[in-house]
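File shown: start-v4.txt. Contents: compact mmCIF, C-alpha atoms and all ligand atoms.
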# COMPACT_ATOMS: atom_id res chain seq x y z
CA MET A 19 2.65 -59.21 51.99
CA LYS A 20 3.31 -55.72 53.29
CA GLU A 21 0.70 -53.74 55.18
CA TYR A 22 0.31 -51.07 52.47
CA ASP A 23 0.71 -50.94 48.72
CA TYR A 24 1.88 -47.31 48.84
CA LEU A 25 3.54 -45.09 51.38
CA VAL A 26 2.83 -41.51 50.31
CA VAL A 27 5.26 -39.01 51.82
CA GLY A 28 3.50 -35.64 51.92
CA ALA A 29 -0.20 -34.88 52.41
CA GLY A 30 -0.06 -31.91 50.02
CA LEU A 31 -2.12 -31.69 46.86
CA PHE A 32 0.13 -34.02 44.87
CA GLY A 33 0.22 -36.74 47.51
CA ALA A 34 -3.52 -36.42 48.17
CA VAL A 35 -4.49 -36.77 44.49
CA PHE A 36 -2.24 -39.79 44.08
CA ALA A 37 -3.65 -41.36 47.26
CA ARG A 38 -7.23 -40.80 46.02
CA GLN A 39 -6.49 -42.54 42.73
CA ALA A 40 -4.68 -45.39 44.47
CA VAL A 41 -7.50 -45.94 46.98
CA ASP A 42 -10.04 -45.87 44.14
CA ALA A 43 -7.95 -48.54 42.40
CA GLY A 44 -8.28 -50.73 45.50
CA LYS A 45 -4.80 -50.02 46.88
CA ARG A 46 -3.95 -49.61 50.56
CA CYS A 47 -2.28 -46.27 51.21
CA LEU A 48 -0.47 -44.79 54.16
CA VAL A 49 0.04 -41.02 53.90
CA VAL A 50 2.56 -39.37 56.22
CA ASP A 51 3.35 -35.70 56.68
CA LYS A 52 5.87 -33.99 58.91
CA ARG A 53 3.45 -31.12 59.54
CA ASN A 54 0.56 -31.30 61.99
CA HIS A 55 -2.00 -30.77 59.23
CA ILE A 56 -2.93 -31.99 55.77
CA GLY A 57 -2.93 -29.95 52.57
CA GLY A 58 0.74 -28.93 52.34
CA ASN A 59 0.92 -25.34 51.19
CA ILE A 60 -2.76 -25.05 50.30
CA TYR A 61 -3.74 -25.59 53.94
CA CYS A 62 -5.95 -22.94 55.55
CA GLU A 63 -6.21 -22.22 59.27
CA VAL A 64 -9.81 -21.43 60.13
CA VAL A 65 -10.03 -18.27 62.28
CA ASP A 66 -13.65 -17.72 63.40
CA GLY A 67 -15.02 -18.76 60.04
CA ILE A 68 -12.35 -17.08 57.88
CA HIS A 69 -10.09 -19.45 55.95
CA VAL A 70 -6.60 -18.03 56.35
CA HIS A 71 -4.23 -19.18 53.60
CA GLN A 72 -1.25 -20.01 55.85
CA TYR A 73 1.36 -20.43 53.13
CA GLY A 74 0.39 -17.69 50.68
CA ALA A 75 -2.75 -16.81 48.74
CA HIS A 76 -4.09 -19.68 46.66
CA ILE A 77 -6.53 -19.14 43.81
CA PHE A 78 -7.42 -22.15 41.73
CA HIS A 79 -7.40 -21.42 38.00
CA THR A 80 -7.18 -23.63 34.96
CA ASP A 81 -7.94 -23.93 31.30
CA ASN A 82 -8.17 -27.67 31.56
CA LYS A 83 -11.81 -28.79 31.84
CA GLU A 84 -10.82 -32.29 32.91
CA ILE A 85 -8.89 -30.91 35.90
CA TRP A 86 -11.67 -28.47 36.74
CA ASP A 87 -14.23 -31.28 36.67
CA TYR A 88 -11.94 -33.48 38.77
CA VAL A 89 -11.58 -30.97 41.62
CA ASN A 90 -15.27 -30.01 41.41
CA HIS A 91 -16.13 -33.64 42.00
CA PHE A 92 -14.77 -33.29 45.55
CA VAL A 93 -15.84 -29.75 46.41
CA SER A 94 -17.71 -27.00 44.59
CA PHE A 95 -15.99 -23.70 43.88
CA ASN A 96 -17.22 -20.12 44.30
CA ARG A 97 -16.99 -17.49 41.56
CA TYR A 98 -14.01 -15.60 43.03
CA THR A 99 -12.09 -13.76 40.32
CA ASN A 100 -8.59 -12.58 41.10
CA SER A 101 -8.30 -8.82 40.51
CA PRO A 102 -5.27 -7.64 42.48
CA LEU A 103 -4.39 -4.01 43.11
CA ALA A 104 -0.96 -2.40 43.23
CA ASN A 105 -0.28 0.31 45.80
CA TYR A 106 2.49 2.73 44.88
CA LYS A 107 2.98 5.57 47.37
CA GLY A 108 -0.69 5.52 48.32
CA THR A 109 -2.12 5.42 44.78
CA LEU A 110 -3.89 2.24 43.72
CA TYR A 111 -3.48 0.78 40.24
CA ASN A 112 -5.29 -2.20 38.76
CA LEU A 113 -3.43 -5.35 37.74
CA PRO A 114 -2.79 -6.97 35.36
CA PHE A 115 -1.75 -3.96 33.25
CA ASN A 116 -4.97 -3.03 31.49
CA MET A 117 -6.97 0.00 30.40
CA ASN A 118 -7.84 0.83 34.03
CA THR A 119 -4.10 0.92 34.85
CA PHE A 120 -3.25 3.08 31.81
CA ASN A 121 -6.13 5.43 32.55
CA LYS A 122 -4.90 5.94 36.11
CA LEU A 123 -1.26 6.35 35.05
CA TRP A 124 -1.70 8.72 32.13
CA GLY A 125 -5.37 9.73 31.90
CA VAL A 126 -5.73 7.94 28.54
CA ASN A 127 -9.21 6.61 27.73
CA THR A 128 -8.89 4.54 24.57
CA PRO A 129 -6.69 1.58 23.58
CA GLN A 130 -5.20 3.69 20.76
CA GLU A 131 -4.12 6.39 23.22
CA ALA A 132 -2.72 3.79 25.61
CA LYS A 133 -0.72 2.03 22.87
CA ALA A 134 0.68 5.35 21.66
CA LYS A 135 1.71 6.27 25.22
CA ILE A 136 3.45 2.93 25.78
CA GLU A 137 5.30 3.29 22.46
CA GLU A 138 6.38 6.81 23.45
CA GLN A 139 7.66 5.52 26.81
CA ARG A 140 9.49 2.59 25.22
CA SER A 141 11.08 4.70 22.48
CA GLU A 142 13.30 6.38 25.10
CA TYR A 143 15.08 3.05 25.51
CA ALA A 144 15.14 1.96 21.86
CA HIS A 145 18.94 2.22 21.92
CA ILE A 146 19.11 -0.84 24.22
CA GLN A 147 19.55 -3.70 21.74
CA THR A 148 20.38 -6.51 24.15
CA PRO A 149 19.12 -5.83 27.68
CA ALA A 150 21.91 -6.66 30.14
CA ASN A 151 19.67 -6.99 33.19
CA LEU A 152 16.06 -6.96 34.37
CA GLU A 153 15.93 -3.16 34.59
CA GLU A 154 16.99 -2.71 30.98
CA GLN A 155 14.66 -5.47 29.86
CA ALA A 156 11.66 -3.90 31.62
CA LEU A 157 12.44 -0.41 30.32
CA THR A 158 12.57 -1.64 26.74
CA LEU A 159 9.24 -3.44 27.22
CA CYS A 160 7.22 -0.77 29.02
CA GLY A 161 9.24 2.41 29.55
CA LYS A 162 9.89 4.41 32.69
CA ASP A 163 6.46 5.02 34.30
CA ILE A 164 5.24 1.43 34.60
CA TYR A 165 8.72 0.17 35.46
CA GLN A 166 9.38 2.65 38.24
CA LYS A 167 5.91 2.56 39.79
CA LEU A 168 4.79 -1.02 39.35
CA ILE A 169 7.79 -3.27 38.63
CA LYS A 170 11.06 -2.05 40.15
CA GLY A 171 10.36 -1.97 43.92
CA TYR A 172 8.16 -5.09 43.91
CA THR A 173 10.64 -7.18 41.93
CA GLU A 174 13.64 -6.02 43.95
CA LYS A 175 11.88 -6.97 47.19
CA GLN A 176 10.81 -10.30 45.73
CA TRP A 177 14.35 -11.29 44.74
CA GLY A 178 16.28 -9.34 47.40
CA ARG A 179 18.56 -7.78 44.78
CA PRO A 180 18.66 -4.55 42.72
CA ALA A 181 16.99 -4.93 39.33
CA THR A 182 20.30 -4.06 37.68
CA GLU A 183 21.74 -7.25 39.21
CA LEU A 184 18.87 -9.50 38.19
CA PRO A 185 18.97 -11.42 34.91
CA ALA A 186 16.87 -10.04 32.05
CA PHE A 187 15.18 -13.42 31.42
CA ILE A 188 13.05 -13.11 34.59
CA ILE A 189 10.76 -10.83 32.58
CA LYS A 190 10.27 -12.35 29.16
CA ARG A 191 7.31 -10.21 28.17
CA LEU A 192 4.75 -7.98 29.83
CA PRO A 193 1.14 -8.86 29.20
CA PHE A 194 -0.67 -5.61 28.36
CA ARG A 195 -4.41 -5.84 27.96
CA PHE A 196 -6.18 -3.11 26.08
CA VAL A 197 -9.56 -3.77 27.70
CA TYR A 198 -11.12 -2.53 30.95
CA ASP A 199 -10.88 -5.97 32.57
CA ASN A 200 -9.10 -6.56 35.91
CA ASN A 201 -9.35 -10.37 35.82
CA TYR A 202 -5.77 -11.48 36.47
CA PHE A 203 -5.98 -14.94 34.93
CA ASN A 204 -6.70 -15.75 31.31
CA ASP A 205 -7.96 -19.21 32.21
CA GLU A 206 -11.54 -20.23 31.59
CA TYR A 207 -12.13 -21.55 35.12
CA GLN A 208 -11.19 -20.06 38.47
CA GLY A 209 -12.46 -19.92 42.03
CA ILE A 210 -11.96 -20.86 45.66
CA PRO A 211 -13.37 -24.12 47.10
CA LYS A 212 -16.57 -23.46 49.03
CA GLY A 213 -15.72 -24.46 52.58
CA GLY A 214 -12.00 -24.02 51.91
CA TYR A 215 -9.07 -25.99 50.52
CA ASN A 216 -8.96 -28.28 53.56
CA LYS A 217 -12.31 -29.71 52.50
CA LEU A 218 -10.88 -30.58 49.09
CA VAL A 219 -7.85 -32.33 50.59
CA GLU A 220 -9.88 -34.13 53.29
CA SER A 221 -12.08 -35.49 50.56
CA LEU A 222 -9.11 -36.59 48.46
CA LEU A 223 -7.54 -38.40 51.42
CA GLU A 224 -10.68 -40.33 52.37
CA GLY A 225 -9.92 -44.03 52.52
CA ALA A 226 -6.18 -43.57 53.04
CA GLU A 227 -4.57 -43.94 56.43
CA LEU A 228 -2.97 -40.77 57.70
CA ARG A 229 -0.08 -40.10 60.10
CA LEU A 230 0.71 -36.45 60.81
CA ASP A 231 3.77 -35.12 62.67
CA THR A 232 5.74 -37.88 60.98
CA ASN A 233 8.97 -36.92 59.28
CA TYR A 234 9.90 -39.57 56.75
CA PHE A 235 13.58 -39.04 57.39
CA SER A 236 13.21 -39.70 61.12
CA ALA A 237 11.76 -43.18 60.55
CA ARG A 238 12.72 -44.00 56.98
CA GLY A 239 13.82 -47.59 57.45
CA GLU A 240 10.75 -48.47 59.46
CA LEU A 241 8.30 -46.69 57.13
CA ASP A 242 9.83 -48.18 53.97
CA LEU A 243 9.19 -51.65 55.35
CA LEU A 244 5.46 -50.95 55.61
CA ALA A 245 4.73 -50.54 51.90
CA ASP A 246 5.63 -52.07 48.55
CA LYS A 247 6.27 -48.68 47.00
CA VAL A 248 6.91 -45.11 48.11
CA LEU A 249 5.66 -41.88 46.54
CA PHE A 250 7.93 -39.11 47.76
CA THR A 251 6.72 -35.48 47.45
CA GLY A 252 9.31 -33.78 49.68
CA CYS A 253 12.58 -32.06 48.70
CA ILE A 254 14.60 -34.10 46.24
CA ASP A 255 18.00 -32.94 47.50
CA GLU A 256 17.05 -33.99 51.03
CA TYR A 257 15.91 -37.41 49.77
CA TYR A 258 19.44 -38.02 48.51
CA ASP A 259 21.00 -36.57 51.63
CA PHE A 260 22.18 -33.46 49.70
CA CYS A 261 24.85 -35.64 48.09
CA PHE A 262 25.37 -33.15 45.21
CA GLY A 263 24.65 -30.06 47.33
CA HIS A 264 21.61 -27.98 48.30
CA LEU A 265 19.09 -26.73 45.76
CA GLU A 266 18.38 -23.04 46.37
CA TYR A 267 15.01 -21.45 47.02
CA ARG A 268 13.54 -18.06 47.76
CA SER A 269 11.52 -18.11 50.95
CA LEU A 270 8.63 -16.08 52.39
CA ARG A 271 7.63 -14.98 55.87
CA PHE A 272 3.98 -14.44 56.68
CA GLU A 273 2.65 -12.15 59.39
CA HIS A 274 -1.03 -12.83 60.12
CA GLU A 275 -3.16 -10.32 62.02
CA ARG A 276 -6.79 -10.31 63.11
CA LEU A 277 -8.40 -6.87 63.03
CA GLU A 278 -11.66 -5.90 64.70
CA ILE A 279 -12.99 -4.14 61.61
CA ASP A 280 -15.14 -5.70 58.93
CA ASN A 281 -13.12 -4.62 55.89
CA TYR A 282 -9.46 -3.60 55.79
CA GLN A 283 -8.61 -3.07 52.12
CA GLY A 284 -11.73 -3.92 50.11
CA ASN A 285 -9.89 -6.53 48.04
CA ALA A 286 -8.25 -9.91 48.65
CA VAL A 287 -4.84 -9.02 47.21
CA VAL A 288 -2.98 -5.70 47.31
CA ASN A 289 0.64 -5.56 46.13
CA TYR A 290 2.99 -2.97 47.62
CA CYS A 291 5.32 -1.75 44.90
CA GLU A 292 7.59 0.77 46.60
CA SER A 293 10.88 -0.32 48.10
CA GLY A 294 10.25 1.56 51.38
CA VAL A 295 7.47 -0.86 52.36
CA PRO A 296 9.13 -4.11 53.48
CA TYR A 297 6.33 -6.48 52.48
CA THR A 298 5.25 -7.27 48.92
CA ARG A 299 1.60 -8.11 49.47
CA VAL A 300 -1.24 -7.83 51.93
CA ILE A 301 -3.87 -10.54 51.68
CA GLU A 302 -7.32 -10.03 53.21
CA HIS A 303 -8.63 -13.59 53.31
CA LYS A 304 -12.37 -13.05 53.78
CA HIS A 305 -12.66 -11.50 50.31
CA PHE A 306 -11.77 -14.85 48.73
CA GLU A 307 -15.07 -16.12 50.07
CA PHE A 308 -17.19 -12.95 50.18
CA GLY A 309 -17.18 -13.15 54.00
CA LYS A 310 -19.56 -10.99 56.00
CA GLN A 311 -17.90 -11.29 59.44
CA PRO A 312 -17.61 -8.11 61.57
CA TYR A 313 -13.84 -8.79 61.89
CA THR A 314 -11.14 -9.60 59.38
CA VAL A 315 -7.75 -11.33 59.05
CA ILE A 316 -4.90 -9.94 56.97
CA THR A 317 -1.50 -11.38 56.11
CA ARG A 318 1.59 -9.37 55.22
CA GLU A 319 3.94 -11.29 52.94
CA TYR A 320 7.69 -10.68 53.28
CA PRO A 321 10.10 -12.27 50.80
CA SER A 322 13.11 -13.70 52.59
CA VAL A 323 16.42 -15.40 52.05
CA PHE A 324 16.22 -19.19 52.19
CA THR A 325 18.60 -20.99 54.47
CA PRO A 326 18.38 -24.77 54.88
CA GLY A 327 15.62 -25.50 57.39
CA ASP A 328 13.37 -22.63 56.18
CA GLU A 329 10.19 -23.27 54.21
CA PRO A 330 11.19 -23.65 50.55
CA TYR A 331 8.81 -21.61 48.37
CA TYR A 332 10.18 -20.54 45.00
CA PRO A 333 12.85 -22.64 43.25
CA VAL A 334 15.69 -20.60 41.78
CA ASN A 335 15.69 -21.82 38.20
CA ASP A 336 19.13 -20.55 37.23
CA GLU A 337 21.78 -22.57 35.44
CA LYS A 338 23.59 -23.63 38.61
CA ASN A 339 20.47 -25.07 40.25
CA MET A 340 19.13 -26.64 37.05
CA ASN A 341 22.44 -28.46 36.58
CA LEU A 342 22.23 -29.69 40.15
CA LEU A 343 18.66 -30.83 39.55
CA LYS A 344 19.77 -32.88 36.52
CA LYS A 345 22.16 -34.84 38.72
CA TYR A 346 19.40 -35.60 41.23
CA GLU A 347 17.06 -36.54 38.35
CA GLU A 348 19.55 -39.15 37.18
CA LEU A 349 19.35 -40.78 40.60
CA MET A 350 15.54 -40.53 40.59
CA ASN A 351 15.34 -42.22 37.20
CA GLY A 352 17.33 -45.15 38.50
CA SER A 353 15.07 -45.66 41.50
CA LEU A 354 12.95 -48.80 41.33
CA ASN A 355 10.48 -48.74 44.19
CA THR A 356 10.16 -45.01 44.73
CA LEU A 357 8.04 -42.61 42.70
CA PHE A 358 8.62 -38.87 42.87
CA GLY A 359 6.29 -35.94 42.26
CA GLY A 360 5.10 -32.53 43.36
CA ARG A 361 6.72 -29.13 43.50
CA LEU A 362 9.52 -30.12 45.92
CA ALA A 363 10.55 -33.41 44.32
CA GLN A 364 10.37 -31.88 40.85
CA TYR A 365 12.03 -28.64 42.06
CA ALA A 366 9.55 -26.65 39.98
CA TYR A 367 6.92 -23.98 40.48
CA LEU A 368 3.70 -25.83 39.75
CA ASP A 369 0.29 -24.17 39.88
CA MET A 370 -2.37 -26.27 41.56
CA ASP A 371 -3.90 -27.38 38.28
CA ASP A 372 -0.46 -28.54 37.06
CA THR A 373 0.03 -30.36 40.36
CA VAL A 374 -3.29 -32.19 39.98
CA GLU A 375 -2.58 -32.97 36.34
CA THR A 376 0.91 -34.40 36.97
CA ALA A 377 -0.34 -36.42 39.95
CA LEU A 378 -3.16 -37.87 37.83
CA LYS A 379 -0.71 -38.73 35.03
CA LEU A 380 1.63 -40.48 37.44
CA ALA A 381 -1.27 -42.37 39.01
CA LYS A 382 -2.55 -43.43 35.59
CA LYS A 383 0.86 -44.76 34.57
CA GLU A 384 1.44 -46.46 37.89
CA LEU A 385 -2.02 -47.85 38.60
CA LYS A 386 -3.15 -48.28 35.01
CA ASN A 387 -6.46 -46.64 35.93
P1 LIG A 401 3.28 -29.12 49.04
O1 LIG A 401 4.51 -28.39 49.45
O2 LIG A 401 2.00 -28.41 49.17
O3 LIG A 401 3.17 -30.49 49.87
C1 LIG A 401 4.30 -31.27 50.18
C2 LIG A 401 4.05 -31.89 51.55
O4 LIG A 401 5.10 -32.81 51.83
C3 LIG A 401 4.04 -30.87 52.67
O5 LIG A 401 2.87 -31.00 53.43
C4 LIG A 401 5.28 -31.24 53.50
O6 LIG A 401 5.10 -31.01 54.88
C5 LIG A 401 5.42 -32.72 53.20
N1 LIG A 401 6.78 -33.20 53.40
C6 LIG A 401 7.92 -32.72 52.87
N2 LIG A 401 8.98 -33.41 53.31
C7 LIG A 401 8.50 -34.36 54.16
C8 LIG A 401 9.11 -35.35 54.94
N3 LIG A 401 10.44 -35.51 54.98
N4 LIG A 401 8.33 -36.15 55.70
C9 LIG A 401 6.98 -36.00 55.72
N5 LIG A 401 6.34 -35.05 54.98
C10 LIG A 401 7.11 -34.24 54.22
N6 LIG A 401 -0.98 -22.33 42.70
C11 LIG A 401 -2.13 -21.91 42.10
O7 LIG A 401 -2.66 -22.62 41.25
N7 LIG A 401 -2.72 -20.73 42.48
C12 LIG A 401 -2.18 -19.91 43.42
O8 LIG A 401 -2.73 -18.84 43.72
C13 LIG A 401 -0.96 -20.33 44.05
N8 LIG A 401 -0.38 -19.58 44.99
C14 LIG A 401 0.86 -19.92 45.50
C15 LIG A 401 1.50 -19.07 46.39
C16 LIG A 401 2.77 -19.37 46.85
C17 LIG A 401 3.46 -18.46 47.80
C18 LIG A 401 3.41 -20.57 46.40
C19 LIG A 401 4.82 -20.88 46.82
C20 LIG A 401 2.76 -21.45 45.57
C21 LIG A 401 1.47 -21.13 45.10
N9 LIG A 401 0.78 -22.00 44.26
C22 LIG A 401 -0.39 -21.56 43.66
C23 LIG A 401 1.29 -23.36 43.97
C24 LIG A 401 0.75 -24.43 44.95
O9 LIG A 401 1.14 -24.08 46.26
C25 LIG A 401 1.28 -25.82 44.56
O10 LIG A 401 0.76 -26.18 43.30
C26 LIG A 401 0.93 -26.95 45.52
O11 LIG A 401 1.02 -26.59 46.86
C27 LIG A 401 1.85 -28.13 45.28
O12 LIG A 401 1.48 -29.23 46.08
P2 LIG A 401 2.57 -30.32 46.49
O13 LIG A 401 1.82 -31.44 47.13
O14 LIG A 401 3.45 -30.61 45.35
O15 LIG A 401 3.53 -29.58 47.56
As structure tokens, how would this structure be written, given the file I've shared?
Amino acid sequence: MKEYDYLVVGAGLFGAVFARQAVDAGKRCLVVDKRNHIGGNIYCEVVDGIHVHQYGAHIFHTDNKEIWDYVNHFVSFNRYTNSPLANYKGTLYNLPFNMNTFNKLWGVNTPQEAKAKIEEQRSEYAHIQTPANLEEQALTLCGKDIYQKLIKGYTEKQWGRPATELPAFIIKRLPFRFVYDNNYFNDEYQGIPKGGYNKLVESLLEGAELRLDTNYFSARGELDLLADKVLFTGCIDEYYDFCFGHLEYRSLRFEHERLEIDNYQGNAVVNYCESGVPYTRVIEHKHFEFGKQPYTVITREYPSVFTPGDEPYYPVNDEKNMNLLKKYEELMNGSLNTLFGGRLAQYAYLDMDDTVETALKLAKKELKN
């Protein structure tokens, strides 16, 4: 008999949820992570009481009551509501596009006036039947003002390419809301764990054995011998030694700064929409938790080119990469003693609620619990 039933590679949210379910089903779990901390990308560094989201701002939101109840079982959540702002040349606009945004852009007060203004703006581009690129797509959907102030610069920085060279499908539709409501998410439930995300993950991992600073690929043979089965939540191309080639990502660089003032920008998330500003967002972490500290911590977020070895953040879901993924999926499907899951193994952008849901589904199928 082997020492463990499961070796879980990755102490991120997916691995932690699976480990929780396995431990609850009486299984012995060893969780390894190459980083020196648990939580994967939802990990927060605690700086004098402020939880700093190290790998990008994370706001839990879901429409799924079962998932909401599941996470609330481990930690309770505050009532944080995401209401980001967009800064364009020093003027602040509310997001998502709603009556506050339209009022600031055009001085319109009623939904009827706003709808008429958007139609007027769009009509200038009615001649574009089949948008050839993201710029044309956006102009046909919202017209010049919103595109130039709130979409163009931000999107170009995000993707590192002019909007005229980006595919139209990136923007399928633009959600306009004709109400004075700055709540970004439509979901019924949202918030930030009281005490931070680390508390949630610590709680999920209780009962599992943990080894940090352990790269699976540095000790694969040895680690595989310890458990009957492996759950792998790292990069799928790396798992197969890049045999079909590298899957592409867009990466991010974060610049954290502590400031000796109590309030820097009055909001957790401010997007910077002009191309002259090199970062796309500034996050002020204390506002996620209504912090009252006399100091603050901000993070500037810079999109960056991904080269192998960088942190993979956003998968590039174009045809070339999706075809590559299919080849890796064929290998995954033929694997007997290894399970795969999570954003890196699935090569997919998964919100946290989707991550929890897919991990629970896999656990249910595997553990029959
Ligand atoms: P995750 O990447 O978190 O964990 C994988 C773990 O495996 C890592 O700890 C890694 O070190 C480890 N690992 C990999 N290879 C290994 C190896 N060879 N050996 C050992 N360990 C290895 N969602 C949401 O709901 N609201 C939000 O606001 C946001 N915000 C957000 C911002 C940004 C910038 C991104 C990119 C993503 C979000 N998300 C989000 C999504 C969220 O981050 C995501 O759902 C979870 O982090 C996915 O958890 P995983 O466990 O799948 O991956």
Contacts with ligand LIG 401 (chain A) at most 7 Å, all atoms listed in the file counted, listed as JSON, numbers by chain = {"A": [27, 28, 29, 30, 31, 32, 33, 50, 51, 52, 53, 56, 57, 58, 59, 60, 73, 74, 75, 76, 77, 78, 79, 232, 233, 234, 235, 251, 252, 253, 331, 332, 359, 360, 361, 362, 367, 368, 369, 370, 371, 372, 373]}
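Closest to Glu154 of chain A among A:Ala134, A:Leu249, A:Ile189, A:Ala366 is A:Ile189, based on all atoms listed in the file.
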Residues of segment 82-125 of chain A that approach segment 295-306 of chain A to 12 Å or less, counting all atoms listed in the file: could you list each one with the shortest pair of atoms and its distance in Å to one decimal, rows by chain and increasing residue number, as CSV?
residue,atom,partner,partner_atom,distance
A:Phe95,CA,A:Phe306,CA,10.9
A:Asn96,CA,A:Phe306,CA,8.8
A:Arg97,CA,A:Phe306,CA,9.3
A:Tyr98,CA,A:Phe306,CA,6.2
A:Thr99,CA,A:Phe306,CA,8.5
A:Asn100,CA,A:Phe306,CA,8.6
A:Ser101,CA,A:Phe306,CA,10.8
A:Pro102,CA,A:Ile301,CA,9.7
A:Leu103,CA,A:Arg299,CA,9.7
A:Ala104,CA,A:Arg299,CA,8.8
A:Asn105,CA,A:Arg299,CA,9.4
A:Tyr106,CA,A:Val295,CA,9.7
A:Lys107,CA,A:Val295,CA,9.3
A:Gly108,CA,A:Val295,CA,11.1
Can you pull out every residue within 10 Å of Asp246 of chain A, counting all atoms listed in the file, but drop anything in the same chain fewer than 4 positions away, and send it as a ChimeraX atom specification?
-> /A:19-25,242,355-356
Name the residues in contact with Gly225 of chain A at a cut-off of 9 Å, using only C-alpha atoms, excluding same-chain residues fewer than 3 positions from it; report them as a PyMOL selection string.
-> chain A and resi 37-38+41-42+46-47+222
Restricting the output to C-alpha atoms, write the selected residues as an mmCIF file, keeping the file's coordinate frame.
data_model
loop_
_atom_site.group_PDB
_atom_site.id
_atom_site.type_symbol
_atom_site.label_atom_id
_atom_site.label_comp_id
_atom_site.auth_asym_id
_atom_site.auth_seq_id
_atom_site.Cartn_x
_atom_site.Cartn_y
_atom_site.Cartn_z
ATOM 1 C CA ALA A 37 -3.650 -41.360 47.260
ATOM 2 C CA ARG A 38 -7.230 -40.800 46.020
ATOM 3 C CA VAL A 41 -7.500 -45.940 46.980
ATOM 4 C CA ASP A 42 -10.040 -45.870 44.140
ATOM 5 C CA ARG A 46 -3.950 -49.610 50.560
ATOM 6 C CA CYS A 47 -2.280 -46.270 51.210
ATOM 7 C CA LEU A 222 -9.110 -36.590 48.460
#
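Residues in contact with Phe262 of chain A at up to 8 Å, not including ones fewer than 5 positions away on its chain and judged by all atoms listed in the file, are Asp255, Leu342, Lys345 and Tyr346 of chain A.
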Write out as JSON, numbers by chain the residues lying within 9 Å of Gln176 of chain A, counting all atoms listed in the file and excluding same-chain residues fewer than 4 positions away.
-> {"A": [171, 172, 268, 297, 298, 320, 321, 322]}
How many Å lie between atom CA of Gln39 of chain A and atom CA of Ala377 of chain A, rounded to one decimal?
->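 Distance between the two atoms: 9.1 Å.
Interatomic distance, atom CA of Leu159 of chain A to atom CA of Val287 of chain A: 25.1 Å.
Between atom CA of Phe203 of chain A and atom CA of Asn112 of chain A the separation is 13.3 Å.
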Contacts of Gly161 of chain A within 7 Å, all atoms listed in the file, excl. fewer than 6 positions in-chain, as a PDB file with C-alpha atoms, in the frame of the given file:
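Listed below is the output, part37.pdb:
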ATOM      1  CA  ILE A 136       3.450   2.930  25.780  1.00  0.00           C
ATOM      2  CA  GLN A 139       7.660   5.520  26.810  1.00  0.00           C
ATOM      3  CA  ARG A 140       9.490   2.590  25.220  1.00  0.00           C
TER       4      ARG A 140
END
Using all atoms listed in the file, which of the listed residues (A:Leu123, A:Ile279, A:Leu270, A:Val323) sits closest to Lys162 of chain A?
->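 Of the candidates, the smallest distance to Lys162 of chain A is held by A:Leu123.
You can rank A:Tyr215, A:Phe187, A:Tyr313, A:Tyr257 by their closest distance to Phe358 of chain A using all atoms listed in the file, and at the top of that list sits A:Tyr257.
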Ref. answer, residues at most 12 Å from (-7.6, -35.2, 30.8) with all atoms listed in the file, as a ChimeraX atom specification | /A:81-88,371-372,374-379,382
Pick out the closest residue to Phe120 of chain A from this set: A:Thr317, A:Gln208, A:Thr80, A:Asn200. Count all atoms listed in the file.
->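 Looking only at the distances to Phe120 of chain A, the closest residue turns out to be A:Asn200.
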Go through A:Ser94, A:Gln147, A:Asn116, A:Thr173 one by one, measure the shortest atom-to-atom distance of each to Lys133 of chain A using all atoms listed in the file, and give the residue with the smallest value.
-> A:Asn116
